[in-house]
file input_0.txt (compact mmCIF, C-alpha atoms)
# COMPACT_ATOMS: atom_id res chain seq x y z
CA MET A 1 0.00 0.00 0.00
CA VAL A 2 1.33 3.47 -0.87
CA GLU A 3 2.43 5.80 1.92
CA SER A 4 0.35 8.79 0.83
CA SER A 5 -3.02 9.15 2.54
CA VAL A 6 -4.57 10.22 -0.76
CA ALA A 7 -3.75 9.00 -4.27
CA ASN A 8 -3.59 12.02 -6.56
CA ILE A 9 -4.19 10.99 -10.16
CA ASP A 10 -3.83 12.96 -13.38
CA GLY A 11 -6.88 11.92 -15.39
CA ALA A 12 -5.16 12.93 -18.64
CA HIS A 13 -2.25 10.53 -18.15
CA GLY A 14 -1.64 7.96 -20.89
CA GLU A 15 -4.95 6.91 -22.43
CA GLY A 16 -6.60 9.59 -20.30
CA GLY A 17 -10.11 8.15 -20.54
CA GLY A 18 -12.71 6.05 -18.79
CA ALA A 19 -10.49 3.03 -18.13
CA LEU A 20 -8.13 5.18 -16.07
CA LEU A 21 -10.98 6.52 -13.97
CA ARG A 22 -12.62 3.11 -13.47
CA THR A 23 -9.34 1.51 -12.42
CA ALA A 24 -8.62 4.30 -9.96
CA LEU A 25 -12.06 4.10 -8.34
CA VAL A 26 -11.93 0.30 -8.03
CA LEU A 27 -8.39 0.33 -6.58
CA SER A 28 -9.48 3.00 -4.12
CA ALA A 29 -12.37 0.79 -3.02
CA LEU A 30 -10.13 -2.30 -2.82
CA THR A 31 -7.39 -0.59 -0.78
CA THR A 32 -9.56 2.00 1.06
CA ILE A 33 -7.08 4.66 -0.08
CA PRO A 34 -8.93 7.88 -0.98
CA VAL A 35 -8.38 9.14 -4.52
CA HIS A 36 -8.51 12.58 -6.08
CA ILE A 37 -8.60 12.73 -9.88
CA ARG A 38 -8.04 15.98 -11.74
CA SER A 39 -8.47 16.50 -15.50
CA VAL A 40 -11.09 13.73 -15.64
CA ARG A 41 -11.05 12.06 -19.08
CA GLY A 42 -8.57 14.77 -20.06
CA GLY A 43 -7.09 12.68 -22.86
CA THR A 44 -10.38 12.34 -24.77
CA LYS A 45 -12.47 14.50 -27.10
CA PHE A 46 -15.17 14.66 -24.42
CA PRO A 47 -13.48 15.53 -21.11
CA GLY A 48 -15.22 15.53 -17.76
CA VAL A 49 -17.38 13.08 -15.83
CA ASP A 50 -19.93 11.18 -17.91
CA ALA A 51 -22.91 8.96 -17.07
CA GLU A 52 -20.86 5.76 -16.83
CA ASP A 53 -18.50 7.35 -14.30
CA ARG A 54 -21.32 8.53 -12.05
CA VAL A 55 -23.12 5.18 -12.13
CA LEU A 56 -19.93 3.32 -11.20
CA ALA A 57 -19.01 5.73 -8.42
CA GLU A 58 -22.45 5.49 -6.85
CA ALA A 59 -22.40 1.67 -6.91
CA LEU A 60 -18.92 1.55 -5.38
CA ALA A 61 -19.85 4.14 -2.77
CA LEU A 62 -22.74 2.00 -1.52
CA SER A 63 -20.43 -1.00 -1.14
CA CYS A 64 -17.67 0.72 0.86
CA ARG A 65 -19.60 3.68 2.30
CA ALA A 66 -17.51 6.14 0.35
CA GLU A 67 -17.88 9.89 0.41
CA ILE A 68 -17.92 11.22 -3.15
CA SER A 69 -17.74 14.71 -4.59
CA GLY A 70 -17.43 16.26 -8.03
CA PHE A 71 -19.43 13.63 -9.93
CA GLU A 72 -21.71 16.10 -11.67
CA ARG A 73 -21.90 15.71 -15.46
CA GLY A 74 -18.83 17.30 -17.08
CA SER A 75 -16.94 17.83 -13.82
CA ASP A 76 -13.17 18.16 -14.22
CA SER A 77 -12.19 17.03 -10.72
CA ILE A 78 -13.53 14.26 -8.46
CA THR A 79 -12.82 12.80 -5.03
CA PHE A 80 -13.70 9.32 -3.78
CA THR A 81 -13.11 8.47 -0.10
CA PRO A 82 -13.95 4.94 1.13
CA THR A 83 -14.69 4.59 4.84
CA GLN A 84 -14.70 0.77 5.04
CA ARG A 85 -13.90 -2.41 3.13
CA SER A 86 -16.43 -3.53 0.56
CA VAL A 87 -19.43 -5.43 1.89
CA GLY A 88 -20.44 -6.71 -1.55
CA PHE A 89 -23.36 -5.61 -3.68
CA ARG A 90 -27.13 -5.99 -3.66
CA THR A 91 -27.84 -3.31 -6.14
CA ARG A 92 -29.40 -2.14 -9.38
CA VAL A 93 -26.88 -0.18 -11.42
CA GLY A 94 -28.85 1.98 -13.80
CA ALA A 95 -29.06 4.99 -16.03
CA VAL A 96 -28.79 8.50 -14.64
CA ALA A 97 -31.85 10.69 -15.12
CA GLY A 98 -31.37 13.23 -17.88
CA ASP A 99 -28.58 11.39 -19.72
CA GLU A 100 -29.24 10.48 -23.34
CA ARG A 101 -26.30 8.04 -23.54
CA SER A 102 -26.36 5.04 -21.22
CA ALA A 103 -23.44 3.27 -19.62
CA ASN A 104 -22.12 -0.02 -20.97
CA ALA A 105 -23.54 -2.65 -18.61
CA LEU A 106 -20.71 -5.15 -19.18
CA VAL A 107 -17.96 -2.58 -18.71
CA LEU A 108 -19.52 -1.67 -15.37
CA LEU A 109 -19.82 -5.33 -14.38
CA SER A 110 -16.16 -5.94 -15.29
CA ALA A 111 -15.14 -3.05 -13.03
CA LEU A 112 -17.29 -4.13 -10.07
CA ALA A 113 -16.57 -7.87 -10.21
CA PRO A 114 -13.10 -7.99 -8.56
CA LEU A 115 -14.37 -5.98 -5.60
CA ALA A 116 -17.43 -8.21 -5.31
CA ALA A 117 -15.30 -11.37 -5.40
CA LYS A 118 -13.00 -10.07 -2.65
CA SER A 119 -15.81 -8.80 -0.41
CA GLY A 120 -16.46 -12.14 1.27
CA ARG A 121 -20.17 -11.93 0.49
CA PHE A 122 -22.42 -13.12 -2.31
CA SER A 123 -23.22 -10.21 -4.65
CA THR A 124 -26.12 -9.68 -7.05
CA PHE A 125 -26.42 -7.00 -9.72
CA SER A 126 -28.97 -5.70 -12.17
CA LEU A 127 -27.16 -3.51 -14.66
CA GLU A 128 -28.91 -1.24 -17.16
CA GLY A 129 -27.39 0.13 -20.34
CA GLU A 130 -25.73 -0.85 -23.57
CA THR A 131 -25.06 -4.57 -23.97
CA PHE A 132 -23.84 -4.52 -27.58
CA GLY A 133 -21.84 -1.65 -29.05
CA MET A 134 -19.04 -0.60 -31.36
CA ASN A 135 -15.47 -1.19 -30.17
CA THR A 136 -16.60 -2.09 -26.68
CA LEU A 137 -17.32 -5.15 -24.55
CA GLY A 138 -20.52 -6.93 -25.59
CA PHE A 139 -22.61 -9.46 -23.73
CA ASP A 140 -21.62 -12.48 -25.85
CA ALA A 141 -17.89 -11.75 -25.56
CA PHE A 142 -18.33 -11.26 -21.84
CA GLU A 143 -20.18 -14.55 -21.39
CA HIS A 144 -18.02 -16.72 -23.64
CA SER A 145 -14.61 -15.10 -23.10
CA THR A 146 -14.36 -12.91 -19.98
CA ALA A 147 -16.56 -14.91 -17.60
CA SER A 148 -15.11 -18.19 -18.90
CA VAL A 149 -11.53 -17.12 -18.19
CA TRP A 150 -12.53 -15.56 -14.87
CA GLU A 151 -13.74 -19.01 -13.84
CA ASP A 152 -10.24 -20.33 -14.57
CA ILE A 153 -8.84 -17.95 -11.94
CA GLY A 154 -11.60 -18.62 -9.41
CA LEU A 155 -13.87 -15.64 -10.08
CA TYR A 156 -17.33 -17.15 -10.51
CA CYS A 157 -19.78 -14.86 -12.29
CA SER A 158 -23.18 -16.08 -13.47
CA VAL A 159 -24.70 -13.69 -16.00
CA SER A 160 -27.91 -13.44 -18.04
CA GLN A 161 -29.33 -10.86 -20.42
CA ALA A 162 -32.96 -9.90 -19.83
CA ASN A 163 -33.00 -7.23 -22.54
CA ALA A 164 -30.45 -6.34 -25.18
CA GLY A 165 -29.28 -2.77 -25.67
CA PHE A 166 -27.75 -2.04 -29.07
CA GLY A 167 -25.73 1.18 -28.86
CA ARG A 168 -25.14 3.84 -26.20
CA GLU A 169 -28.62 5.32 -26.59
CA SER A 170 -30.19 1.96 -25.71
CA CYS A 171 -31.30 0.51 -22.40
CA GLY A 172 -30.57 -3.18 -22.03
CA LEU A 173 -30.67 -5.13 -18.78
CA VAL A 174 -28.17 -7.69 -17.46
CA HIS A 175 -28.45 -9.74 -14.27
CA ALA A 176 -25.31 -11.08 -12.59
CA GLU A 177 -24.33 -13.01 -9.47
CA ILE A 178 -20.77 -13.20 -8.14
CA GLU A 179 -19.58 -15.61 -5.49
CA PRO A 180 -17.04 -14.60 -2.82
CA SER A 181 -13.86 -16.03 -4.22
CA VAL A 182 -10.19 -16.72 -3.60
CA LEU A 183 -8.55 -15.70 -6.86
CA ASN A 184 -5.58 -17.49 -8.38
CA GLY A 185 -3.03 -16.34 -10.91
CA ILE A 186 -2.48 -17.81 -14.38
CA ASP A 187 0.68 -19.18 -15.95
CA TRP A 188 -0.03 -18.72 -19.64
CA PRO A 189 3.25 -18.22 -21.52
CA THR A 190 1.98 -20.47 -24.35
CA ARG A 191 -1.51 -21.45 -25.51
CA GLY A 192 -1.40 -25.21 -25.81
CA SER A 193 -4.06 -26.93 -27.92
CA LEU A 194 -7.31 -25.48 -29.27
CA ILE A 195 -10.28 -26.51 -27.13
CA SER A 196 -13.12 -24.83 -29.00
CA ALA A 197 -14.04 -22.11 -31.49
CA HIS A 198 -17.56 -20.74 -31.31
CA ALA A 199 -19.52 -17.97 -33.00
CA VAL A 200 -22.58 -16.26 -31.52
CA VAL A 201 -24.96 -14.06 -33.48
CA SER A 202 -27.47 -12.04 -31.47
CA THR A 203 -30.35 -10.38 -33.30
CA SER A 204 -33.43 -8.43 -32.32
CA ASP A 205 -36.47 -7.90 -34.58
CA LEU A 206 -34.65 -9.06 -37.70
CA GLY A 207 -35.96 -12.58 -38.21
CA LYS A 208 -33.93 -15.71 -38.90
CA THR A 209 -32.48 -14.77 -42.28
CA VAL A 210 -29.78 -12.41 -40.97
CA GLY A 211 -28.53 -14.98 -38.46
CA GLN A 212 -28.51 -17.73 -41.10
CA ARG A 213 -26.50 -15.60 -43.52
CA ALA A 214 -23.98 -14.71 -40.82
CA ALA A 215 -23.69 -18.34 -39.79
CA SER A 216 -23.10 -19.56 -43.33
CA HIS A 217 -20.40 -16.96 -43.92
CA ILE A 218 -18.57 -17.68 -40.67
CA LEU A 219 -18.64 -21.41 -41.22
CA ARG A 220 -17.22 -20.94 -44.74
CA LEU A 221 -14.43 -18.76 -43.37
CA ALA A 222 -13.70 -21.27 -40.61
CA GLN A 223 -13.60 -24.16 -43.08
CA SER A 224 -11.15 -22.27 -45.31
CA ALA A 225 -8.93 -21.62 -42.26
CA ASN A 226 -9.24 -25.26 -41.13
CA ILE A 227 -10.84 -24.23 -37.81
CA PRO A 228 -13.54 -26.55 -36.38
CA MET A 229 -16.20 -24.02 -35.42
CA THR A 230 -19.63 -24.23 -33.82
CA PHE A 231 -22.35 -21.61 -34.05
CA SER A 232 -25.38 -20.35 -32.14
CA HIS A 233 -28.03 -17.76 -32.97
CA ASN A 234 -29.76 -15.90 -30.14
CA GLU A 235 -32.94 -13.98 -30.83
CA VAL A 236 -32.87 -11.44 -28.00
CA GLU A 237 -35.42 -9.01 -26.61
CA GLY A 238 -34.57 -5.43 -27.49
CA ARG A 239 -36.10 -2.05 -28.19
CA GLY A 240 -35.96 -2.13 -31.97
CA PRO A 241 -33.77 -4.00 -34.46
CA GLY A 242 -30.19 -4.98 -33.67
CA PHE A 243 -27.47 -7.33 -34.88
CA HIS A 244 -24.17 -8.33 -33.28
CA CYS A 245 -21.65 -11.09 -33.97
CA THR A 246 -18.90 -12.53 -31.73
CA CYS A 247 -16.31 -15.23 -32.45
CA VAL A 248 -14.33 -16.79 -29.57
CA ALA A 249 -11.44 -19.28 -29.57
CA ARG A 250 -10.50 -21.10 -26.35
CA PHE A 251 -7.17 -22.86 -25.90
CA GLU A 252 -5.79 -24.84 -22.97
CA ARG A 253 -4.07 -21.69 -21.74
CA GLY A 254 -5.57 -18.81 -23.65
CA CYS A 255 -8.59 -17.09 -25.12
CA GLY A 256 -9.20 -14.55 -27.85
CA SER A 257 -12.25 -13.10 -29.57
CA GLY A 258 -13.49 -10.73 -32.22
CA SER A 259 -16.80 -8.82 -32.33
CA ALA A 260 -18.72 -6.54 -34.68
CA ILE A 261 -22.05 -4.75 -34.56
CA GLY A 262 -24.49 -4.37 -37.43
CA ALA A 263 -25.53 -1.04 -38.88
CA ARG A 264 -27.97 0.18 -41.49
CA GLY A 265 -26.63 -0.63 -44.96
CA LEU A 266 -23.98 -3.06 -43.67
CA ARG A 267 -24.47 -6.60 -44.94
CA ALA A 268 -24.67 -9.44 -42.42
CA GLU A 269 -21.75 -11.15 -44.14
CA MET A 270 -19.52 -8.12 -43.57
CA VAL A 271 -20.38 -8.00 -39.85
CA ALA A 272 -19.67 -11.73 -39.57
CA GLN A 273 -16.37 -11.33 -41.39
CA GLN A 274 -15.21 -8.51 -39.11
CA ALA A 275 -15.90 -10.65 -36.04
CA PHE A 276 -14.21 -13.73 -37.52
CA GLU A 277 -11.13 -11.76 -38.61
CA GLY A 278 -10.78 -10.28 -35.11
CA MET A 279 -10.59 -13.79 -33.66
CA PHE A 280 -8.49 -15.21 -36.50
CA ASN A 281 -5.89 -12.43 -36.38
CA TRP A 282 -5.40 -13.18 -32.70
CA MET A 283 -5.11 -16.91 -33.45
CA ARG A 284 -2.36 -16.21 -35.98
CA SER A 285 -0.28 -14.63 -33.23
CA ASP A 286 1.25 -16.64 -30.40
CA ALA A 287 -0.45 -14.55 -27.71
CA THR A 288 -2.50 -16.15 -24.95
CA VAL A 289 -4.98 -13.27 -24.50
CA ASP A 290 -6.35 -10.57 -26.77
CA PRO A 291 -6.10 -6.86 -25.86
CA ASN A 292 -9.68 -6.59 -24.58
CA LEU A 293 -9.44 -9.68 -22.39
CA ALA A 294 -6.15 -8.36 -20.99
CA ASP A 295 -8.06 -5.30 -19.73
CA GLN A 296 -10.63 -7.48 -17.95
CA LEU A 297 -8.01 -9.74 -16.37
CA LEU A 298 -5.62 -7.11 -15.06
CA VAL A 299 -7.29 -6.05 -11.80
CA PRO A 300 -8.49 -9.56 -10.82
CA LEU A 301 -4.96 -10.92 -11.32
CA CYS A 302 -3.50 -8.07 -9.27
CA VAL A 303 -5.63 -9.13 -6.28
CA ALA A 304 -5.05 -12.87 -6.83
CA GLU A 305 -3.18 -14.97 -4.28
CA SER A 306 -0.45 -16.08 -6.70
CA SER A 307 1.65 -14.62 -9.52
CA SER A 308 0.65 -14.51 -13.18
CA THR A 309 2.23 -14.52 -16.61
CA PHE A 310 0.46 -14.08 -19.94
CA LYS A 311 1.17 -12.82 -23.44
CA VAL A 312 -1.07 -10.22 -25.05
CA SER A 313 -1.23 -9.78 -28.82
CA ARG A 314 -1.10 -5.97 -28.57
CA LEU A 315 -0.21 -3.71 -25.68
CA THR A 316 -2.74 -0.90 -25.86
CA ARG A 317 -2.24 2.50 -24.30
CA ARG A 318 -5.39 1.81 -22.27
CA PHE A 319 -3.87 -1.35 -20.76
CA LEU A 320 -0.53 0.34 -19.98
CA THR A 321 -2.38 3.25 -18.38
CA GLN A 322 -4.29 0.88 -16.11
CA ILE A 323 -0.98 -0.62 -14.95
CA TRP A 324 0.26 2.86 -14.09
CA VAL A 325 -2.88 3.56 -12.06
CA ILE A 326 -2.62 0.29 -10.11
CA LYS A 327 0.93 1.16 -9.07
CA GLN A 328 -0.32 4.39 -7.51
CA PHE A 329 -2.24 2.34 -4.94
CA ALA A 330 -0.41 -0.92 -4.26
CA PRO A 331 3.21 -2.20 -4.30
CA ILE A 332 2.47 -4.84 -6.93
CA ARG A 333 5.31 -5.69 -9.26
CA ILE A 334 3.93 -5.64 -12.81
CA THR A 335 6.55 -6.19 -15.49
CA VAL A 336 5.83 -5.64 -19.18
CA HIS A 337 8.19 -6.83 -21.89
CA GLY A 338 7.17 -5.09 -25.09
CA SER A 339 6.14 -1.66 -26.35
CA GLU A 340 2.84 0.06 -27.02
CA ASP A 341 0.90 -1.31 -30.01
CA ASN A 342 3.14 -4.39 -30.17
CA PRO A 343 2.89 -7.85 -28.57
CA GLY A 344 3.98 -8.07 -24.96
CA VAL A 345 4.57 -10.47 -22.09
CA VAL A 346 3.08 -9.38 -18.76
CA SER A 347 4.17 -10.71 -15.35
CA ILE A 348 2.39 -9.89 -12.09
CA GLU A 349 4.29 -10.87 -8.96
CA ARG A 350 2.71 -11.07 -5.53
call {"tool": "encode", "arguments": {"input": "input_0.txt", "output": "structure tokens"}}
result
Amino acid sequence: MVESSVANIDGAHGEGGGALLRTALVLSALTTIPVHIRSVRGGTKFPGVDAEDRVLAEALALSCRAEISGFERGSDSITFTPTQRSVGFRTRVGAVAGDERSANALVLLSALAPLAAKSGRFSTFSLEGETFGMNTLGFDAFEHSTASVWEDIGLYCSVSQANAGFGRESCGLVHAEIEPSVLNGIDWPTRGSLISAHAVVSTSDLGKTVGQRAASHILRLAQSANIPMTFSHNEVEGRGPGFHCTCVARFERGCGSGSAIGARGLRAEMVAQQAFEGMFNWMRSDATVDPNLADQLLVPLCVAESSSTFKVSRLTRRFLTQIWVIKQFAPIRITVHGSEDNPGVVSIER
């Protein structure tokens, strides 16, 4: 634990966006070290506190009885002061009145889960917001990649989608339960053998044809690449039409995925191809996790009982920024061999 009584964080450091803020708030709750963040989201085109930040802060504050200030929309400076260790969650995490853009429900769940697992109590969540979006964590990737790998380290998260939310203006609903857990590290320097490759297409109000076209295209691509692939089509409840595709490959010691969301004028085959290529490009590397999964593993592995090693296919600025934030709160030795936007090997020593 750092010597300072307050962790002072520059919100414009590195990636300078939401991942920095989320990591700082969660580490504050985990360590009970107060945090002050200036220049909130200062590295983005839309600086200041947004809806996702306020929703997360309020959920965390309930769990550890934190005092919070500065979380008004657009605020440049915030303070979060926990007064006790987390007691887990029995909460509905929802939209903030007056905000047109909702939070991403799975991003919020990924942030809250390590704290819930370490609380010593069974936690339940209902999370409102986007469940499928562009360049962000979607429900199918969470269920088949994130939650699956979390189980490998001892973080048990049961999740279901009551309503799908396509895009940041949507309002989906996800239910989750997290068991109190003792987390273990991973030793994943190499992948081992392929266990499974699976594609999931989720559609709302589009009928069966779109899913069938996506399935046929993915299976043709998989056959050409000599990948044995299975497929499922989920017709989900949503407010209006929506289409999303996810492809996930699981190895003995590794997992990688690719996702894409449909849009007006974009053929189903193109969406399917984008998702397949995201997975396949990772498979062509020798990495054991993809960049998005690395984000979702970092904090859980930092609070695990044993050390970890894994190889990520690309070290993003977001991931490197999260490492910097973690080191402001706890004396964890995180070593990265590699440079930004290139493959890297990450070691976390306890």
call {"tool": "residues_around", "arguments": {"input": "input_0.txt", "residues": "Ser259 in chain A", "least_positions_apart": "2", "cutoff": "9 Å", "atoms": "only C-alpha atoms", "output": "list in words"}}
result
Met134, Asn135, Thr136, Leu137, Gly138, Asp140, Ala141, His244, Cys245, Thr246, Cys247, Val248, Ser257, Ile261, Val271, Ala272, Gln274, Ala275, Phe276, Glu277, Gly278 and Met279 of chain A
call {"tool": "residues_around", "arguments": {"input": "input_0.txt", "residues": "Arg65 in chain A", "least_positions_apart": "6", "cutoff": "7 Å", "atoms": "all atoms listed in the file", "output": "list in words"}}
result
Pro82, Thr83 and Gln84 of chain A
call {"tool": "write_last_selection", "arguments": {"input": "input_0.txt", "atoms": "C-alpha atoms", "output": "mmCIF file, in the coordinates of the input"}}
result
data_model
loop_
_atom_site.group_PDB
_atom_site.id
_atom_site.type_symbol
_atom_site.label_atom_id
_atom_site.label_comp_id
_atom_site.auth_asym_id
_atom_site.auth_seq_id
_atom_site.Cartn_x
_atom_site.Cartn_y
_atom_site.Cartn_z
ATOM 1 C CA PRO A 82 -13.950 4.940 1.130
ATOM 2 C CA THR A 83 -14.690 4.590 4.840
ATOM 3 C CA GLN A 84 -14.700 0.770 5.040
#
call {"tool": "closest_residue", "arguments": {"input": "input_0.txt", "among": "A:Ser347, A:Thr131, A:Ser216, A:Thr230", "to": "Ile195 in chain A", "atoms": "all atoms listed in the file"}}
result
A:Thr230
call {"tool": "axis_aligned_box", "arguments": {"input": "input_0.txt", "around": "range 307-324 of chain A", "padding_each_side": "6 Å", "output": "AutoDock Vina command-line options"}}
result
--center_x -1.6 --center_y -5.7 --center_z -19.2 --size_x 19.6 --size_y 29.9 --size_z 31.3
call {"tool": "atom_distance", "arguments": {"input": "input_0.txt", "atom1": "CA of Phe125 in chain A", "atom2": "CA of Arg90 in chain A"}}
result
6.2 Å
call {"tool": "closest_residue", "arguments": {"input": "input_0.txt", "among": "A:His233, A:Arg92, A:His198, A:Lys45", "to": "Ser145 in chain A", "atoms": "all atoms listed in the file"}}
result
A:His198
call {"tool": "closest_residue", "arguments": {"input": "input_0.txt", "among": "A:Asn184, A:Ser202, A:Thr44, A:Arg85", "to": "His13 in chain A", "atoms": "only C-alpha atoms"}}
result
A:Thr44
call {"tool": "atom_distance", "arguments": {"input": "input_0.txt", "atom1": "CA of Lys327 in chain A", "atom2": "CA of Asn292 in chain A"}}
result
20.3 Å
call {"tool": "closest_residue", "arguments": {"input": "input_0.txt", "among": "A:Ser69, A:Ser77, A:Thr309, A:Gln273", "to": "Arg191 in chain A", "atoms": "all atoms listed in the file"}}
result
A:Thr309
call {"tool": "residues_near_point", "arguments": {"input": "input_0.txt", "point": "(-10.9, 10.4, -17.2)", "cutoff": "12 Å", "atoms": "all atoms listed in the file", "output": "ChimeraX atom specification"}}
result
/A:9-25,36-50,52-54,71,74-78,318,321-322,325
call {"tool": "residues_around", "arguments": {"input": "input_0.txt", "residues": "Gly172 in chain A", "least_positions_apart": "4", "cutoff": "9 Å", "atoms": "all atoms listed in the file", "output": "PyMOL selection string"}}
result
chain A and resi 105+127-132+161-166+237-239
call {"tool": "closest_residue", "arguments": {"input": "input_0.txt", "among": "A:Val303, A:Leu298, A:Ala176, A:Leu62", "to": "Val346 in chain A", "atoms": "only C-alpha atoms"}}
result
A:Leu298
call {"tool": "closest_residue", "arguments": {"input": "input_0.txt", "among": "A:Ala199, A:Ala304, A:Val107, A:Ala287", "to": "Asp152 in chain A", "atoms": "all atoms listed in the file"}}
result
A:Ala304
